[in-house]
Amino acid sequence: MKKEFALKIFEAFSIQRWNDLIRPFDLVEMDNDAEKMVIAYIIGKYEESKGARVDWDWIIHASLFSLLRKIQLCDIKSPIQRLIKDQYPQEYIRLNKWVFSQYSNLIEDNELYSRFGDFMDSLSGNCLFDQTSELTMRIYRASHKYASFRELEMLSVVNEVERYDGIKKQLNAELSEYLDLKGLQLLMTRQKPFEFLMRVEQLRFQTRWNQTPRVPKTSVLGHCFFVAILTLLFTKECGKKITGKRLYNDYFSALFHDLPESVTRDIISPVKTATDGLPDVVKTIEEKVVAQELVPLMEEFYRDEIMYFTSDEFSNRVIVEGCLVKADFDEINSRYSEDAYNAIDGRLVRLSDHYAALMEADLSIRHGITSAHLVSGRDNLLSAYADNHNVNGIDASSLFQDFAG
């Protein structure tokens, strides 16, 4: 993966949303897309509980492609884009082709770039979809609209109703088209999944590296989504074609890897390792608090899955005869790659987590906003991945040394 491509994606932390309303906290594109994917997970799980099939592979890749499009078109507001699509459809198609062309030198994976092209073509509405694809796209669109709706609800506390009432009516009208989706019904009526989402949203208000000034600031939730995107990209780099349940597990493990912090808050790494026994103590406390405060808010049909995602989240692991078993990368590839083993490449998630942290520190330093915390964090990460460090088939040393000097 090119460093330049990762930096391009990182720009979503700087794209401000709702610039024409009073904002009590930063609303950036990366955070919005993070919440959208949590919502998609919730709605999709409700549909699966009714026996429907959801194409998670499409949703996962769409989360990347949609973000790339937003990064390129951030100066054109969504209502204007809708007008272009409705009133000037040919110009809308040309606009999407232009967006696609802007990434030709950044995406080196031909298969991924081709899929990106197919996604951009699908936005014109000319593609035919089967029943599974149609449901999947409706889940994704409903999640997109509800994520914006949630932002507007939070902004409504400090804005006069006249400022946002028209937007709210428009969003309500658009969401009404998706109310056959049970998960959305329950979210709109603020029932159990809404309580869970509210806890996840707390990660949006928690700032990473909160002991030091930094540009741009990044929330824990936005960081989780960035880690999920990096994990998806690293699955393309590891020399093994990762698909199906394993790809799904890798992505959502990354998306939820900091979920316990919604109830414990972020404990920075130097404090976590202040004593030899403290990391285990913190992990034990996290597990207890999550069991008490988060688990009761989850539905039974996805509770165990999320707990699997967040348990020992940075280890390569599989399920064998009902038990969690740690396994190295080669062992997963040779013995446990079938969906039945529920494999997770936790070391890829850890690599993505560290790579994201390196970018957070390095970019702020390069912008001239620095501190001892940022410099030591950056240097520690660079030294940790020196000397031919390989992670799940990826040359991690080369990735990290791109930021040296």
# chains A, B, ... in the order shown; residues from 1 in each chain; ligands from 1

$ residues_around --residues "A:Gly346" --least-positions-apart "4" --cutoff "9 Å" --atoms "only C-alpha atoms" --output "list in words"
Asp250, Ser253, Ala254, Asp312, Glu313, Phe314, Ser315, Asn316, Arg317, Arg350 and Leu351 of chain A

$ write_last_selection --atoms "C-alpha atoms" --output "short mmCIF file (atom, residue, chain, number, x, y, z; two decimals), in the first residue's frame"
data_model
loop_
_atom_site.label_atom_id
_atom_site.label_comp_id
_atom_site.auth_asym_id
_atom_site.auth_seq_id
_atom_site.Cartn_x
_atom_site.Cartn_y
_atom_site.Cartn_z
CA ASP A 250 -11.00 -8.85 10.32
CA SER A 253 -12.85 -6.69 14.73
CA ALA A 254 -10.95 -3.57 13.71
CA ASP A 312 -7.83 -10.74 22.82
CA GLU A 313 -8.40 -8.45 19.87
CA PHE A 314 -4.80 -8.29 18.62
CA SER A 315 -4.07 -12.00 18.36
CA ASN A 316 -4.55 -14.30 15.38
CA ARG A 317 -7.28 -16.68 16.52
CA ARG A 350 -2.73 -4.48 15.61
CA LEU A 351 -0.55 -3.49 12.66
#

$ closest_atom_pairs --of "stretch 40-59 of chain A" --to "stretch 105-123 of chain A" --cutoff "12 Å" --atoms "only C-alpha atoms" --output "JSON lines"
{"residue": "A:Asp57", "atom": "CA", "partner": "A:Arg115", "partner_atom": "CA", "distance": 11.4}
{"residue": "A:Trp58", "atom": "CA", "partner": "A:Phe119", "partner_atom": "CA", "distance": 9.3}
{"residue": "A:Ile59", "atom": "CA", "partner": "A:Phe119", "partner_atom": "CA", "distance": 10.8}

$ residues_around --residues "A:Leu27" --least-positions-apart "2" --cutoff "8 Å" --atoms "only C-alpha atoms" --output "ChimeraX atom specification"
/A:16-18,23,25,29,31-32

$ write_last_selection --atoms "C-alpha atoms" --output "PDB file, in the first residue's frame"
ATOM      1  CA  GLN A  16     -15.696  19.205   8.477  1.00  0.00           C
ATOM      2  CA  ARG A  17     -19.442  18.514   8.318  1.00  0.00           C
ATOM      3  CA  TRP A  18     -22.444  20.797   8.948  1.00  0.00           C
ATOM      4  CA  ARG A  23     -21.513  22.855  16.269  1.00  0.00           C
ATOM      5  CA  PHE A  25     -18.169  19.514  18.930  1.00  0.00           C
ATOM      6  CA  GLU A  29     -16.252  12.843   7.767  1.00  0.00           C
ATOM      7  CA  ASP A  31     -16.433   9.918  12.366  1.00  0.00           C
ATOM      8  CA  ASN A  32     -19.630   9.994  10.323  1.00  0.00           C
TER       9      ASN A  32
END

$ closest_residue --among "A:Asp26, A:Glu331, A:Ser14, A:Ile9" --to "A:Leu68" --atoms "only C-alpha atoms"
A:Ile9

$ residues_around --residues "stretch 280-296 of chain A" --least-positions-apart "4" --cutoff "7 Å" --atoms "only C-alpha atoms" --output "ChimeraX atom specification"
/A:260,263-264,303

$ write_last_selection --atoms "N, CA and C atoms" --output "mmCIF file, in the first residue's frame"
data_model
loop_
_atom_site.group_PDB
_atom_site.id
_atom_site.type_symbol
_atom_site.label_atom_id
_atom_site.label_comp_id
_atom_site.auth_asym_id
_atom_site.auth_seq_id
_atom_site.Cartn_x
_atom_site.Cartn_y
_atom_site.Cartn_z
ATOM 1 N N PRO A 260 -14.526 -1.343 24.225
ATOM 2 C CA PRO A 260 -14.526 -1.235 25.690
ATOM 3 C C PRO A 260 -14.264 0.172 26.202
ATOM 4 N N VAL A 263 -16.932 2.563 27.736
ATOM 5 C CA VAL A 263 -17.313 2.528 29.153
ATOM 6 C C VAL A 263 -16.127 2.707 30.094
ATOM 7 N N THR A 264 -14.886 2.538 29.600
ATOM 8 C CA THR A 264 -13.709 2.709 30.467
ATOM 9 C C THR A 264 -12.926 3.970 30.151
ATOM 10 N N ARG A 303 -24.420 -10.566 20.103
ATOM 11 C CA ARG A 303 -23.655 -10.346 21.334
ATOM 12 C C ARG A 303 -22.365 -11.158 21.362
#

$ atom_distance --atom1 "atom CA of A:His144" --atom2 "atom CA of A:Lys168"
14.4 Å

$ atom_distance --atom1 "atom CA of A:Ser124" --atom2 "atom CA of A:Thr136"
17.0 Å

$ atom_distance --atom1 "atom CA of A:Arg214" --atom2 "atom CA of A:Thr370"
6.9 Å

$ residues_around --residues "A:Met198" --least-positions-apart "5" --cutoff "10 Å" --atoms "only C-alpha atoms" --output "number ranges by chain"
A: 150, 190, 193, 203, 262

$ decode --residues "stretch 197-244 of chain A" --atoms "C-alpha atoms" --output "tab-separated table (two decimals), in the first residue's frame"
chain	number	residue	atom	x	y	z
A	197	LEU	CA	-25.49	3.00	19.58
A	198	MET	CA	-25.49	5.79	22.17
A	199	ARG	CA	-22.69	4.02	24.02
A	200	VAL	CA	-20.71	3.57	20.82
A	201	GLU	CA	-21.22	7.27	20.06
A	202	GLN	CA	-19.35	8.13	23.25
A	203	LEU	CA	-16.21	7.09	21.39
A	204	ARG	CA	-16.91	10.00	19.07
A	205	PHE	CA	-16.42	12.46	21.92
A	206	GLN	CA	-13.20	10.88	23.20
A	207	THR	CA	-10.04	12.37	21.71
A	208	ARG	CA	-6.96	10.28	21.12
A	209	TRP	CA	-3.62	11.53	22.49
A	210	ASN	CA	-5.71	13.72	24.77
A	211	GLN	CA	-2.70	14.77	26.84
A	212	THR	CA	-1.17	16.79	23.99
A	213	PRO	CA	-2.17	19.34	21.33
A	214	ARG	CA	-2.38	17.71	17.91
A	215	VAL	CA	-3.50	18.48	14.34
A	216	PRO	CA	-5.83	17.12	13.19
A	217	LYS	CA	-7.51	15.82	16.32
A	218	THR	CA	-8.92	12.32	15.94
A	219	SER	CA	-11.68	10.68	17.93
A	220	VAL	CA	-11.53	7.10	19.15
A	221	LEU	CA	-14.48	6.19	16.91
A	222	GLY	CA	-12.95	7.75	13.80
A	223	HIS	CA	-9.66	6.01	14.61
A	224	CYS	CA	-11.49	2.66	14.80
A	225	PHE	CA	-12.96	3.16	11.34
A	226	PHE	CA	-9.59	4.20	9.92
A	227	VAL	CA	-8.08	1.04	11.44
A	228	ALA	CA	-10.87	-1.02	9.82
A	229	ILE	CA	-10.10	0.52	6.42
A	230	LEU	CA	-6.37	-0.09	6.85
A	231	THR	CA	-7.08	-3.68	7.89
A	232	LEU	CA	-9.16	-4.17	4.73
A	233	LEU	CA	-6.28	-2.82	2.63
A	234	PHE	CA	-3.69	-4.95	4.42
A	235	THR	CA	-5.72	-8.09	3.71
A	236	LYS	CA	-4.95	-7.37	0.05
A	237	GLU	CA	-1.21	-7.20	0.77
A	238	CYS	CA	-0.48	-10.28	2.87
A	239	GLY	CA	0.05	-12.80	0.06
A	240	LYS	CA	-3.08	-14.78	0.92
A	241	LYS	CA	-6.51	-14.07	-0.58
A	242	ILE	CA	-8.65	-13.29	2.46
A	243	THR	CA	-12.37	-13.39	1.73
A	244	GLY	CA	-15.69	-14.49	3.21
